[in-house]
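Taking it in order: structure first as structure tokens, then the write-up.
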Amino acid sequence: MDKTALLIMDLQAGNLAQINLPSTYLPLVAKTISTARSHVKIIYITVSFRPGYPEIASSNKTFSAAAKLNLYVTGSPETLIPESIAPIEGDIVVEKKRVSAFSGSGLDVILRGLGIENLVLMGMATGGVVLSTLCEAADRDFRITVLRDLCIDRDAEVHEVLMEKIFRKRGEVLGAEEWLESLGS
């Protein structure tokens with residue numbers, strides 16, 4: 001599994017505050033990351049912007065609201081990763097500027113430099129970063145696994161449709177425990 005990376009995407013304070021998380025969610029994320037560390041590369045993906053938001057055009061419907069509210073500036077409280085799932089030495093943190101983990105981040109250069117061929121995806125939102133990253137990763141010829149129970153969306157129906165109808169066409173969809181078992185943990 002040395003050619004595999006686990007991408008923990010957009011699990012940062014500002015995003016997590018927007019959804020009523022099940023009490024089991026963050027502990028399962030923490031367990032998955034901790035167990036996987038000795039088997040795969042751990043890469044956190046966060047969204048953040050420079051002061052003044054030079055990366056955001058007023059026509060960008062997704063991020064222009066954050067700019068108007070002065071949110072998601074690098075280092076601000078909403079960009080922080082909760083302590084229970086925070087990176088440790090040796091993990092990589094990549095800041096992105098758009099929905100996909102690949103857009104405006106340098107992620108592809110990092111993955112190619114590490115010789116990564118397999119991506120395991122988790123994060124918030126299923127219909128946002130997970131969908132966008134999955135599509136772009138498939139187009140870049142990565143093998144993809146999506147951790148069904150570690151992807152979350154405010155719209156449960158969107159989550160289910162993507163998992164059952166879209167993601168399975170581009171990769172494997174597994175539960176976190178099932179994936180961890182495949183690592184031999």
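Following the order of the structure tokens, chains are lettered A, B, ..., residues in each are numbered from 1, and ligands are numbered from 1.
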Q. Quick one: residues within 10 Å of Leu174 in chain A, only C-alpha atoms counted, chain neighbours fewer than 4 positions away excluded, as a list in words?
A.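 Counting only the stated atoms, we get Val120, Thr145, Val146, Leu147, Arg148, Asp149, Leu150, Met163, Arg168, Glu178, Trp179 and Leu180 of chain A.
Near range 60-72 of chain A, within 7 Å and counting only C-alpha atoms, sit Ser48, Phe49, Tyr53, Glu78 and Thr79 of chain A, not including residues fewer than 5 positions from it in the same chain.
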Produce a file of the selected residues containing N, CA, C and O atoms, as a JSON list (two decimals), in the first residue's frame.
```
[["chain", "number", "residue", "atom", "x", "y", "z"],
["A", 48, "SER", "N", -8.57, 27.41, 1.97],
["A", 48, "SER", "CA", -8.25, 28.69, 2.61],
["A", 48, "SER", "C", -7.74, 29.65, 1.55],
["A", 48, "SER", "O", -7.34, 29.25, 0.45],
["A", 49, "PHE", "N", -7.76, 30.93, 1.92],
["A", 49, "PHE", "CA", -7.42, 31.99, 0.96],
["A", 49, "PHE", "C", -6.50, 33.02, 1.60],
["A", 49, "PHE", "O", -6.45, 33.17, 2.82],
["A", 53, "TYR", "N", -8.51, 38.00, -0.51],
["A", 53, "TYR", "CA", -9.13, 37.03, -1.43],
["A", 53, "TYR", "C", -8.79, 37.26, -2.90],
["A", 53, "TYR", "O", -9.67, 37.27, -3.76],
["A", 78, "GLU", "N", -11.88, 29.11, 11.30],
["A", 78, "GLU", "CA", -12.68, 28.19, 10.48],
["A", 78, "GLU", "C", -11.84, 27.28, 9.59],
["A", 78, "GLU", "O", -12.32, 26.29, 9.06],
["A", 79, "THR", "N", -10.54, 27.60, 9.45],
["A", 79, "THR", "CA", -9.67, 26.75, 8.63],
["A", 79, "THR", "C", -8.98, 25.66, 9.43],
["A", 79, "THR", "O", -8.32, 24.79, 8.86]]
```
Find the residues of range 153-184 of chain A that sit at most 12 Å from range 13-30 of chain A; for each, write down the nearest two atoms and how far apart they are in Å, to one decimal. Count only C-alpha atoms. Sort by chain, then by number going up, and give it as a tab-separated table.
```
residue	atom	partner	partner_atom	distance
A:Asp153	CA	A:Ile19	CA	8.0
A:Arg154	CA	A:Ile19	CA	6.2
A:Asp155	CA	A:Ile19	CA	9.9
A:Ala156	CA	A:Ile19	CA	11.4
A:Gly175	CA	A:Leu28	CA	10.6
A:Ala176	CA	A:Leu28	CA	7.8
A:Glu177	CA	A:Leu28	CA	8.8
A:Leu180	CA	A:Leu28	CA	11.2
```
(Q) Nearest residue to Leu80 in chain A out of A:Leu6, A:Ile45, A:Ile56, A:Pro51, using only C-alpha atoms? (A) A:Ile45
Using only C-alpha atoms, which residues of range 22-83 of chain A come within 6 Å of range 92-109 of chain A, and what is the closest atom pair for each, with the distance in Å to one decimal? Give it as JSON lines, sorted by chain and residue number.
```
{"residue": "A:Ile43", "atom": "CA", "partner": "A:Ile92", "partner_atom": "CA", "distance": 4.7}
{"residue": "A:Tyr44", "atom": "CA", "partner": "A:Val93", "partner_atom": "CA", "distance": 4.7}
{"residue": "A:Ile45", "atom": "CA", "partner": "A:Val94", "partner_atom": "CA", "distance": 4.9}
{"residue": "A:Thr46", "atom": "CA", "partner": "A:Glu95", "partner_atom": "CA", "distance": 4.9}
{"residue": "A:Val47", "atom": "CA", "partner": "A:Lys96", "partner_atom": "CA", "distance": 4.9}
```
**Q.** Which of range 97-134 of chain A fall in strand (DSSP E), as a PyMOL selection string
**A.** chain A and resi 118-124
Atoms kept (N, CA, C and O atoms) for selection, written as a PDB file, in the first residue's frame:
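Written out: out.pdb:
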```
ATOM      1  N   ASN A 118      -2.901   5.184  -5.896  1.00  0.00           N
ATOM      2  CA  ASN A 118      -4.216   4.868  -5.327  1.00  0.00           C
ATOM      3  C   ASN A 118      -4.626   5.948  -4.342  1.00  0.00           C
ATOM      4  O   ASN A 118      -3.838   6.298  -3.449  1.00  0.00           O
ATOM      5  N   LEU A 119      -5.843   6.455  -4.501  1.00  0.00           N
ATOM      6  CA  LEU A 119      -6.356   7.470  -3.587  1.00  0.00           C
ATOM      7  C   LEU A 119      -7.549   6.916  -2.816  1.00  0.00           C
ATOM      8  O   LEU A 119      -8.447   6.298  -3.405  1.00  0.00           O
ATOM      9  N   VAL A 120      -7.551   7.162  -1.518  1.00  0.00           N
ATOM     10  CA  VAL A 120      -8.680   6.814  -0.662  1.00  0.00           C
ATOM     11  C   VAL A 120      -9.255   8.137  -0.178  1.00  0.00           C
ATOM     12  O   VAL A 120      -8.550   8.956   0.406  1.00  0.00           O
ATOM     13  N   LEU A 121     -10.549   8.349  -0.455  1.00  0.00           N
ATOM     14  CA  LEU A 121     -11.174   9.654  -0.210  1.00  0.00           C
ATOM     15  C   LEU A 121     -12.141   9.619   0.963  1.00  0.00           C
ATOM     16  O   LEU A 121     -12.940   8.690   1.097  1.00  0.00           O
ATOM     17  N   MET A 122     -12.068  10.673   1.774  1.00  0.00           N
ATOM     18  CA  MET A 122     -13.059  10.931   2.817  1.00  0.00           C
ATOM     19  C   MET A 122     -13.207  12.436   2.942  1.00  0.00           C
ATOM     20  O   MET A 122     -12.284  13.173   2.600  1.00  0.00           O
ATOM     21  N   GLY A 123     -14.373  12.897   3.410  1.00  0.00           N
ATOM     22  CA  GLY A 123     -14.493  14.330   3.648  1.00  0.00           C
ATOM     23  C   GLY A 123     -15.891  14.868   3.536  1.00  0.00           C
ATOM     24  O   GLY A 123     -16.867  14.144   3.386  1.00  0.00           O
ATOM     25  N   MET A 124     -15.946  16.183   3.599  1.00  0.00           N
ATOM     26  CA  MET A 124     -17.186  16.929   3.567  1.00  0.00           C
ATOM     27  C   MET A 124     -17.049  18.037   2.521  1.00  0.00           C
ATOM     28  O   MET A 124     -16.092  18.797   2.571  1.00  0.00           O
TER      29      MET A 124
END
```
Q. From the list A:Leu11, A:Leu162, A:Ile42, A:Ile116, which residue is nearest Asp141 in chain A when using only C-alpha atoms?
A. A:Ile116
Q | CA of Thr4 in chain A to CA of Thr74 in chain A, distance in Å rounded to a single decimal | A | 27.6 Å
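Using only C-alpha atoms, the nearest neighbour of Gly115 in chain A within the list A:Cys151, A:Ala5, A:Ala138, A:Val129 is A:Ala5.
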Q: List every residue of chain A that DSSP, applied to the backbone of this structure, places in helix (DSSP H, G or I), and write the result as a PyMOL selection string.
A: chain A and resi 13-16+25-36+64-68+77-79+83-85+107-114+126-139+156-170+176-182
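Nearest residue to Ala86 in chain A among A:Ile152, A:Cys135, A:Leu183, A:Ile33 is A:Ile33, counting only C-alpha atoms.
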Q. Between A:Val73, A:Ala57, A:Leu131, A:Ala36, which one has atoms that come closest to Lys165 in chain A, using only C-alpha atoms?
A. A:Leu131
(Q) Would you compute the distance between CA of Asp2 in chain A and CA of Val40 in chain A? Give it in Å to one decimal. (A)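 Separating CA of Asp2 in chain A from CA of Val40 in chain A is a distance of 5.7 Å.
Candidate residues A:Gly75, A:Glu117, A:Leu111, A:Ile85 were compared for distance to Thr32 in chain A, and the nearest is A:Ile85, using only C-alpha atoms.
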